[in-house]
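Structure file data_37.cif with mmCIF, C-alpha atoms:
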```
data_input
loop_
_atom_site.label_atom_id
_atom_site.label_comp_id
_atom_site.auth_asym_id
_atom_site.auth_seq_id
_atom_site.Cartn_x
_atom_site.Cartn_y
_atom_site.Cartn_z
CA MET J 1 -25.59 35.14 -53.27
CA PRO J 2 -27.07 35.58 -49.78
CA GLN J 3 -24.73 35.15 -46.83
CA PRO J 4 -25.41 32.06 -44.69
CA LEU J 5 -27.04 32.60 -41.32
CA ILE J 6 -24.39 32.00 -38.62
CA PRO J 7 -25.56 32.94 -35.12
CA PRO J 8 -22.54 34.18 -33.11
CA GLU J 9 -23.26 31.85 -30.20
CA LEU J 10 -22.86 28.79 -32.46
CA GLY J 11 -19.45 29.60 -33.89
CA ALA J 12 -17.22 28.58 -30.99
CA GLY J 13 -17.65 24.80 -31.05
CA PRO J 14 -20.10 21.90 -31.17
CA PHE J 15 -23.76 22.52 -30.38
CA SER J 16 -26.95 20.53 -30.18
CA LEU J 17 -29.88 20.67 -32.57
CA GLY J 18 -32.00 22.21 -29.82
CA ARG J 19 -29.56 25.10 -29.34
CA ALA J 20 -29.44 25.65 -33.11
CA LEU J 21 -33.24 25.88 -33.28
CA ARG J 22 -33.32 28.32 -30.37
CA ALA J 23 -30.70 30.44 -32.17
CA GLY J 24 -32.94 30.75 -35.22
CA LEU J 25 -31.60 28.01 -37.48
CA SER J 26 -33.73 25.31 -39.02
CA ARG J 27 -32.85 21.74 -39.98
CA HIS J 28 -32.68 23.02 -43.57
CA HIS J 29 -30.01 25.56 -42.60
CA LEU J 30 -27.92 22.83 -40.97
CA GLU J 31 -27.85 20.85 -44.21
CA SER J 32 -25.79 23.54 -45.95
CA ARG J 33 -22.03 23.25 -46.45
CA VAL J 34 -21.43 25.84 -43.75
CA TRP J 35 -22.17 23.25 -41.07
CA ARG J 36 -21.07 19.69 -40.40
CA ARG J 37 -22.82 16.98 -38.46
CA LEU J 38 -20.62 15.49 -35.74
CA ALA J 39 -23.02 13.04 -34.13
CA HIS J 40 -26.72 12.51 -33.56
CA GLN J 41 -28.25 16.01 -33.32
CA THR J 42 -24.77 17.52 -32.80
CA TYR J 43 -23.28 20.04 -35.23
CA ALA J 44 -20.48 22.57 -35.64
CA LEU J 45 -19.26 25.12 -38.14
CA ARG J 46 -17.35 23.29 -40.85
CA ASP J 47 -14.11 25.11 -40.09
CA ALA J 48 -14.55 25.40 -36.33
CA PRO J 49 -12.12 23.39 -34.18
CA THR J 50 -13.73 20.56 -32.26
CA THR J 51 -12.44 19.07 -29.03
CA PRO J 52 -13.65 16.11 -27.01
CA GLU J 53 -14.72 18.52 -24.28
CA GLY J 54 -16.84 20.43 -26.79
CA LEU J 55 -18.51 17.25 -28.01
CA LEU J 56 -19.23 16.18 -24.44
CA ALA J 57 -20.71 19.56 -23.59
CA ALA J 58 -22.92 19.47 -26.70
CA SER J 59 -24.11 15.96 -25.83
CA LEU J 60 -25.23 17.13 -22.39
CA GLU J 61 -27.61 19.63 -24.01
CA ARG J 62 -29.85 16.78 -25.12
CA LEU J 63 -29.58 14.68 -21.94
CA PRO J 64 -31.24 15.00 -18.52
CA PRO J 65 -29.43 16.87 -15.72
CA GLU J 66 -28.69 13.66 -13.78
CA THR J 67 -26.42 12.44 -16.60
CA VAL J 68 -22.99 11.21 -15.44
CA PHE J 69 -20.16 10.48 -17.85
CA SER J 70 -18.84 6.98 -17.27
CA GLY J 71 -16.90 4.15 -18.94
CA THR J 72 -14.23 5.13 -21.44
CA THR J 73 -15.44 8.76 -21.43
CA ALA J 74 -14.90 9.06 -17.67
CA ALA J 75 -11.58 7.24 -17.99
CA TRP J 76 -10.38 9.86 -20.48
CA LEU J 77 -11.56 12.66 -18.20
CA HIS J 78 -9.51 11.01 -15.42
CA GLY J 79 -6.46 11.26 -17.69
CA LEU J 80 -6.33 7.73 -19.11
CA ASP J 81 -5.47 7.17 -22.77
CA LEU J 82 -8.87 5.87 -23.88
CA SER J 83 -11.25 7.22 -26.50
CA PRO J 84 -13.75 9.63 -24.88
CA THR J 85 -16.23 10.01 -27.74
CA ASP J 86 -16.29 6.73 -29.69
CA PRO J 87 -18.94 6.41 -28.36
CA ILE J 88 -19.72 8.76 -25.48
CA ASP J 89 -20.49 6.70 -22.36
CA VAL J 90 -23.11 8.03 -19.95
CA THR J 91 -24.82 6.52 -16.93
CA LEU J 92 -28.43 7.37 -16.02
CA PRO J 93 -30.67 6.07 -13.22
CA PRO J 94 -32.65 2.89 -13.91
CA GLY J 95 -35.95 3.72 -15.53
CA SER J 96 -34.57 6.61 -17.56
CA VAL J 97 -36.41 7.01 -20.84
CA VAL J 98 -33.37 8.22 -22.81
CA SER J 99 -32.80 5.84 -25.70
CA GLN J 100 -29.56 4.67 -27.30
CA ARG J 101 -28.39 7.00 -30.05
CA VAL J 102 -25.66 7.03 -32.63
CA GLY J 103 -22.44 8.04 -30.89
CA LEU J 104 -23.96 7.62 -27.43
CA ARG J 105 -23.90 4.54 -25.18
CA VAL J 106 -26.39 4.74 -22.32
CA HIS J 107 -25.95 2.65 -19.15
CA ARG J 108 -28.78 2.47 -16.62
CA ARG J 109 -27.13 1.86 -13.27
CA ARG J 110 -27.46 3.14 -9.72
CA LEU J 111 -24.60 5.35 -8.53
CA SER J 112 -23.96 6.38 -4.95
CA ARG J 113 -22.91 9.94 -4.16
CA ALA J 114 -19.36 8.74 -3.48
CA GLU J 115 -19.21 7.29 -6.99
CA ILE J 116 -19.85 10.66 -8.68
CA VAL J 117 -17.11 13.31 -8.80
CA PRO J 118 -16.87 16.69 -10.55
CA ARG J 119 -14.49 17.25 -13.44
CA GLY J 120 -14.74 20.80 -14.72
CA ASN J 121 -18.36 21.35 -15.73
CA PHE J 122 -19.04 17.62 -15.93
CA SER J 123 -20.13 14.96 -13.47
CA ILE J 124 -18.19 11.73 -13.95
CA THR J 125 -17.87 8.40 -12.18
CA SER J 126 -15.06 8.11 -9.63
CA ILE J 127 -11.93 6.33 -10.81
CA GLU J 128 -12.81 3.22 -8.78
CA ARG J 129 -16.34 3.10 -10.21
CA THR J 130 -14.97 3.81 -13.70
CA LEU J 131 -12.57 0.86 -13.53
CA PHE J 132 -15.37 -1.30 -12.12
CA ASP J 133 -17.61 -0.45 -15.08
CA LEU J 134 -14.76 -1.00 -17.55
CA ALA J 135 -14.01 -4.38 -15.98
CA ARG J 136 -17.50 -5.65 -16.72
CA ASP J 137 -17.94 -3.91 -20.08
CA LEU J 138 -14.54 -4.47 -21.74
CA PRO J 139 -12.66 -7.67 -22.62
CA LEU J 140 -10.41 -8.79 -19.77
CA VAL J 141 -7.14 -7.69 -21.40
CA GLU J 142 -8.40 -4.17 -22.14
CA ALA J 143 -9.83 -3.85 -18.63
CA VAL J 144 -6.37 -4.68 -17.25
CA VAL J 145 -4.85 -2.13 -19.64
CA ALA J 146 -7.11 0.56 -18.14
CA ALA J 147 -6.30 -0.53 -14.58
CA ASP J 148 -2.56 -0.50 -15.28
CA MET J 149 -2.79 3.03 -16.70
CA ALA J 150 -4.69 4.29 -13.66
CA LEU J 151 -2.31 2.63 -11.22
CA TYR J 152 0.83 3.85 -12.98
CA ALA J 153 -0.54 7.42 -13.15
CA GLY J 154 -1.31 7.35 -9.43
CA GLN J 155 -5.03 7.87 -10.03
CA VAL J 156 -5.83 4.95 -7.74
CA ARG J 157 -4.03 2.46 -5.50
CA LEU J 158 -4.44 -1.30 -5.56
CA GLY J 159 -5.64 -1.31 -1.96
CA ALA J 160 -8.41 1.20 -2.63
CA LEU J 161 -9.50 -0.64 -5.76
CA THR J 162 -9.50 -3.96 -3.90
CA ARG J 163 -11.64 -2.54 -1.09
CA PHE J 164 -14.06 -1.12 -3.66
CA ALA J 165 -14.39 -4.53 -5.33
CA TRP J 166 -15.00 -6.41 -2.09
CA ARG J 167 -17.57 -3.88 -0.87
CA ARG J 168 -19.58 -4.71 -4.00
CA GLY J 169 -19.78 -8.34 -2.85
CA ARG J 170 -21.82 -10.24 -5.40
CA TRP J 171 -22.67 -7.32 -7.66
CA PRO J 172 -22.53 -8.25 -11.35
CA GLY J 173 -18.99 -7.58 -12.46
CA SER J 174 -17.34 -7.56 -9.01
CA ARG J 175 -15.74 -10.96 -9.55
CA LYS J 176 -14.28 -9.82 -12.86
CA LEU J 177 -12.92 -6.65 -11.23
CA ARG J 178 -11.17 -8.81 -8.62
CA ARG J 179 -9.64 -10.80 -11.48
CA VAL J 180 -8.48 -7.55 -13.11
CA ILE J 181 -6.88 -6.51 -9.81
CA GLU J 182 -5.04 -9.84 -9.58
CA LEU J 183 -3.60 -9.32 -13.07
CA ALA J 184 -2.86 -5.59 -12.78
CA GLU J 185 0.70 -4.27 -12.53
CA PRO J 186 1.27 -0.71 -11.27
CA LYS J 187 4.78 -0.52 -12.74
CA THR J 188 3.64 -1.03 -16.34
CA GLU J 189 4.52 2.00 -18.46
CA SER J 190 2.50 1.44 -21.64
CA PRO J 191 -0.67 -0.33 -22.82
CA MET J 192 1.30 -2.56 -25.18
CA GLU J 193 3.48 -3.77 -22.30
CA THR J 194 0.27 -4.77 -20.52
CA ARG J 195 -0.99 -6.59 -23.60
CA LEU J 196 2.33 -8.42 -23.99
CA ARG J 197 2.30 -9.51 -20.34
CA MET J 198 -1.32 -10.60 -20.59
CA ARG J 199 -0.66 -12.68 -23.72
CA LEU J 200 1.87 -14.67 -21.73
CA VAL J 201 -0.09 -15.02 -18.48
CA LEU J 202 -3.35 -16.02 -20.16
CA ALA J 203 -1.43 -18.63 -22.17
CA GLY J 204 -0.37 -20.27 -18.90
CA LEU J 205 3.19 -18.96 -18.69
CA PRO J 206 4.61 -17.61 -15.43
CA ARG J 207 3.98 -13.96 -14.73
CA PRO J 208 7.08 -11.89 -15.56
CA GLU J 209 8.32 -9.07 -13.35
CA ALA J 210 7.83 -5.54 -14.69
CA GLN J 211 10.33 -2.68 -15.07
CA VAL J 212 13.29 -4.46 -13.46
CA GLU J 213 16.73 -2.84 -13.23
CA LEU J 214 19.47 -5.06 -14.65
CA HIS J 215 23.16 -4.94 -13.66
CA ASP J 216 26.38 -6.58 -14.79
CA ALA J 217 28.61 -8.77 -12.60
CA GLU J 218 30.26 -5.68 -11.09
CA GLY J 219 26.90 -4.17 -10.18
CA HIS J 220 26.89 -1.51 -12.89
CA PHE J 221 23.44 -0.54 -14.15
CA LEU J 222 22.82 -1.73 -17.70
CA ALA J 223 19.13 -1.26 -18.45
CA ARG J 224 15.58 -1.47 -17.18
CA ALA J 225 13.66 -4.42 -18.61
CA ASP J 226 10.03 -4.01 -19.64
CA LEU J 227 9.41 -7.59 -18.51
CA TYR J 228 11.85 -10.02 -16.90
CA TYR J 229 12.08 -13.69 -15.87
CA PRO J 230 14.89 -13.72 -13.29
CA GLU J 231 15.45 -17.49 -13.10
CA ALA J 232 15.93 -17.70 -16.87
CA ARG J 233 17.68 -14.30 -17.06
CA LEU J 234 15.25 -13.63 -19.88
CA VAL J 235 14.49 -10.03 -20.83
CA LEU J 236 11.38 -9.16 -22.84
CA GLU J 237 11.22 -5.78 -24.55
CA PHE J 238 8.37 -4.09 -26.37
CA ASP J 239 9.67 -2.02 -29.27
CA GLY J 240 7.38 0.93 -29.88
CA SER J 241 8.00 4.16 -31.76
CA VAL J 242 10.21 5.49 -28.96
CA HIS J 243 12.51 2.50 -29.34
CA ARG J 244 12.71 3.02 -33.10
CA ASP J 245 13.77 6.61 -32.53
CA ARG J 246 16.61 5.39 -30.29
CA LEU J 247 17.82 2.49 -32.42
CA THR J 248 21.55 3.12 -31.87
CA GLU J 249 21.17 3.44 -28.12
CA ASP J 250 18.97 0.32 -27.95
CA SER J 251 21.46 -1.71 -29.99
CA ARG J 252 24.28 -0.69 -27.64
CA ARG J 253 22.19 -1.62 -24.62
CA GLN J 254 21.26 -4.97 -26.18
CA ASN J 255 24.91 -5.81 -26.75
CA GLN J 256 25.73 -4.97 -23.13
CA LEU J 257 22.91 -7.18 -21.86
CA LEU J 258 24.01 -10.13 -23.99
CA ALA J 259 27.62 -9.70 -22.90
CA ALA J 260 26.49 -9.76 -19.27
CA GLY J 261 24.75 -13.11 -19.71
CA TYR J 262 21.18 -11.98 -20.19
CA ARG J 263 18.95 -13.31 -22.95
CA LEU J 264 16.69 -10.95 -24.85
CA LEU J 265 13.50 -11.19 -26.88
CA ARG J 266 12.05 -8.09 -28.52
CA PHE J 267 8.49 -7.74 -29.80
CA THR J 268 6.55 -5.13 -31.75
CA THR J 269 2.88 -4.17 -31.92
CA ALA J 270 2.51 -6.41 -34.98
CA ASP J 271 3.83 -9.34 -32.95
CA VAL J 272 1.67 -8.79 -29.87
CA LEU J 273 -1.57 -8.06 -31.73
CA GLY J 274 -1.05 -9.96 -34.97
CA ARG J 275 1.02 -13.01 -34.00
CA PRO J 276 0.39 -13.68 -30.31
CA GLU J 277 0.84 -17.44 -30.69
CA THR J 278 4.36 -16.86 -32.02
CA VAL J 279 5.16 -14.56 -29.10
CA VAL J 280 3.98 -17.19 -26.61
CA ALA J 281 5.91 -19.97 -28.38
CA LEU J 282 9.16 -17.97 -28.38
CA VAL J 283 8.91 -17.12 -24.71
CA ARG J 284 7.86 -20.64 -23.76
CA GLY J 285 10.83 -22.04 -25.66
CA ALA J 286 13.23 -19.60 -24.02
CA LEU J 287 11.93 -20.53 -20.57
CA THR J 288 12.21 -24.29 -21.12
#
```
Hey, can you dump this file as structure tokens for me?
Amino acid sequence: MPQPLIPPELGAGPFSLGRALRAGLSRHHLESRVWRRLAHQTYALRDAPTTPEGLLAASLERLPPETVFSGTTAAWLHGLDLSPTDPIDVTLPPGSVVSQRVGLRVHRRRLSRAEIVPRGNFSITSIERTLFDLARDLPLVEAVVAADMALYAGQVRLGALTRFAWRRGRWPGSRKLRRVIELAEPKTESPMETRLRMRLVLAGLPRPEAQVELHDAEGHFLARADLYYPEARLVLEFDGSVHRDRLTEDSRRQNQLLAAGYRLLRFTTADVLGRPETVVALVRGALT
């Protein structure tokens, strides 16, 4: 049985159809079991490791040189926990003839030089421009999630983001970005904490404080609350996988909080995403 044709330059990671053709392969070769199709005109050896960076580099091979990664792809390259390749977000100048493709989302928008920054071998939108684009492209809650992540990681400050929004004046999306800034909380430590807070605020409840240190009557530190209503002494906790791994410690802390006169409500991902009306009703009842 003849050995499959595997050009050495194609064995390290993802590659475009154009590079495969230049290396001597044909479309027929790429249909064999040696190769796997990753996206539109993007392939790799079946057993070769693939990384987001490799997929992004392969996608650039079939895009014009002025391509800038933006949206969720740029957010990931800035270090935020968003999907970089589902789909790949790129921004091109208005009038670009590149069409939408499977796995690729093309935005035609003007970018100033200040809004484009280098990241390795890629050009990406600045963090302020990235959050601006996410604010107008994502649902409000998820846009706030992205802003909270960037603020907590120190990628941007509220003042800089606010100035960016106001400089855009009446640009489409600038009003929504200002709304995102109003709702953002730099102290938030996880996306699910943001979603829990947003469920409450958008339901008309008062905005809780985030990451508050709690003490007993003698001033001894007891815990740090994910969310807290000081007037009601109501603590809201999001229980993720980390909490489940520290069940004994969390139970001891809960007992100490209750003994000190605090009230506590704990919620899981299933509560926040699957039963938000129950979450709101429980908190509303505890506050009233």
Practice problem: Using all atoms listed in the file, determine which residues lie at most 12 Å from J:Asn121, disregarding the query and same-chain residues fewer than 5 positions distant; provide the list as number ranges by chain. | Solution: J: 53-54, 56-57, 60, 65, 68-69, 77
Practice problem: Specify as a ChimeraX atom specification each residue included when the PyMOL selection byres ((chain J and resi 151-158) around 12) is applied to this file. | Solution: /J:75-81,126-131,144-150,159-165,177-178,180-191,194,210-211
Quiz item: Smallest atom-to-atom distance to J:Tyr262: which of J:Arg136, J:Arg233, J:Arg199, J:Arg110, using all atoms listed in the file?
Solution: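 When distances to J:Tyr262 are compared using all atoms listed in the file, the smallest one comes from J:Arg233.
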Practice problem: Have a look at atom CA of J:Gln41 and atom CA of J:Phe122 and let me know their distance in Å, one decimal. | Solution: 19.7 Å
Practice problem: Using the chain letters and numbers from the file, give me the residues hit by the PyMOL selection byres ((chain J and resi 59) around 12), as a ChimeraX atom specification. | Solution: /J:14-19,38-43,52-58,60-65,67-69,85,87-90,101-106,122
Quiz item: What is the atom CA of J:Leu205 to atom CA of J:Leu282 distance in Å?
Solution: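 The value is 11.4 Å.
Comparing J:Arg253, J:Arg275, J:Arg170, J:Arg179 by their smallest distance to J:Ala225, the closest is J:Arg253 (using all atoms listed in the file).
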Given the block above, output stretch 155-232 of chain J with C-alpha atoms as an mmCIF file, in the first residue's frame.
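Dumped to out.cif:
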```cif
data_model
loop_
_atom_site.group_PDB
_atom_site.id
_atom_site.type_symbol
_atom_site.label_atom_id
_atom_site.label_comp_id
_atom_site.auth_asym_id
_atom_site.auth_seq_id
_atom_site.Cartn_x
_atom_site.Cartn_y
_atom_site.Cartn_z
ATOM 1 C CA GLN J 155 -6.455 44.830 31.376
ATOM 2 C CA VAL J 156 -8.372 48.108 31.476
ATOM 3 C CA ARG J 157 -9.613 50.656 34.010
ATOM 4 C CA LEU J 158 -13.136 51.992 34.282
ATOM 5 C CA GLY J 159 -11.931 55.540 33.650
ATOM 6 C CA ALA J 160 -10.187 54.622 30.406
ATOM 7 C CA LEU J 161 -13.187 52.623 29.221
ATOM 8 C CA THR J 162 -15.539 55.482 30.097
ATOM 9 C CA ARG J 163 -13.419 57.989 28.174
ATOM 10 C CA PHE J 164 -13.360 55.641 25.186
ATOM 11 C CA ALA J 165 -17.162 55.372 25.232
ATOM 12 C CA TRP J 166 -17.746 59.115 25.465
ATOM 13 C CA ARG J 167 -15.252 59.883 22.688
ATOM 14 C CA ARG J 168 -17.424 57.717 20.417
ATOM 15 C CA GLY J 169 -20.342 60.075 21.057
ATOM 16 C CA ARG J 170 -23.284 58.825 19.034
ATOM 17 C CA TRP J 171 -21.548 55.911 17.340
ATOM 18 C CA PRO J 172 -23.771 52.840 17.097
ATOM 19 C CA GLY J 173 -23.169 50.864 20.259
ATOM 20 C CA SER J 174 -21.665 53.668 22.367
ATOM 21 C CA ARG J 175 -24.814 54.033 24.464
ATOM 22 C CA LYS J 176 -24.840 50.309 25.184
ATOM 23 C CA LEU J 177 -21.164 50.414 26.165
ATOM 24 C CA ARG J 178 -21.963 53.192 28.655
ATOM 25 C CA ARG J 179 -24.695 50.965 30.072
ATOM 26 C CA VAL J 180 -22.189 48.103 30.373
ATOM 27 C CA ILE J 181 -19.809 50.425 32.226
ATOM 28 C CA GLU J 182 -22.575 51.416 34.656
ATOM 29 C CA LEU J 183 -23.244 47.754 35.444
ATOM 30 C CA ALA J 184 -19.617 46.562 35.525
ATOM 31 C CA GLU J 185 -17.908 45.600 38.785
ATOM 32 C CA PRO J 186 -14.088 45.396 38.873
ATOM 33 C CA LYS J 187 -14.072 43.263 42.038
ATOM 34 C CA THR J 188 -16.023 40.389 40.487
ATOM 35 C CA GLU J 189 -13.931 37.208 40.476
ATOM 36 C CA SER J 190 -15.878 34.913 38.134
ATOM 37 C CA PRO J 191 -18.302 35.100 35.200
ATOM 38 C CA MET J 192 -21.024 33.315 37.174
ATOM 39 C CA GLU J 193 -20.799 35.917 39.934
ATOM 40 C CA THR J 194 -21.414 38.554 37.262
ATOM 41 C CA ARG J 195 -24.399 36.633 35.912
ATOM 42 C CA LEU J 196 -25.840 36.236 39.415
ATOM 43 C CA ARG J 197 -25.472 39.959 40.123
ATOM 44 C CA MET J 198 -26.984 40.850 36.764
ATOM 45 C CA ARG J 199 -29.998 38.583 37.321
ATOM 46 C CA LEU J 200 -30.790 40.575 40.436
ATOM 47 C CA VAL J 201 -30.114 44.064 39.084
ATOM 48 C CA LEU J 202 -32.038 43.552 35.844
ATOM 49 C CA ALA J 203 -34.975 42.224 37.890
ATOM 50 C CA GLY J 204 -35.132 45.569 39.696
ATOM 51 C CA LEU J 205 -33.442 44.576 42.955
ATOM 52 C CA PRO J 206 -30.818 46.801 44.572
ATOM 53 C CA ARG J 207 -27.265 46.290 43.404
ATOM 54 C CA PRO J 208 -25.324 44.176 45.917
ATOM 55 C CA GLU J 209 -21.757 44.958 46.940
ATOM 56 C CA ALA J 210 -19.074 42.603 45.626
ATOM 57 C CA GLN J 211 -16.293 40.751 47.471
ATOM 58 C CA VAL J 212 -16.988 42.232 50.911
ATOM 59 C CA GLU J 213 -15.017 41.174 53.994
ATOM 60 C CA LEU J 214 -17.277 40.087 56.857
ATOM 61 C CA HIS J 215 -16.375 40.188 60.566
ATOM 62 C CA ASP J 216 -17.944 39.073 63.827
ATOM 63 C CA ALA J 217 -18.877 41.382 66.721
ATOM 64 C CA GLU J 218 -15.280 41.341 67.989
ATOM 65 C CA GLY J 219 -13.929 42.337 64.584
ATOM 66 C CA HIS J 220 -12.510 38.938 63.688
ATOM 67 C CA PHE J 221 -12.485 38.157 59.970
ATOM 68 C CA LEU J 222 -14.984 35.453 59.050
ATOM 69 C CA ALA J 223 -15.255 35.357 55.264
ATOM 70 C CA ARG J 224 -15.378 37.323 52.048
ATOM 71 C CA ALA J 225 -18.844 37.429 50.504
ATOM 72 C CA ASP J 226 -19.269 37.093 46.744
ATOM 73 C CA LEU J 227 -22.211 39.507 46.966
ATOM 74 C CA TYR J 228 -23.560 41.322 50.018
ATOM 75 C CA TYR J 229 -26.520 43.491 51.054
ATOM 76 C CA PRO J 230 -25.253 45.288 54.178
ATOM 77 C CA GLU J 231 -28.583 46.664 55.436
ATOM 78 C CA ALA J 232 -30.146 43.193 55.377
#
```
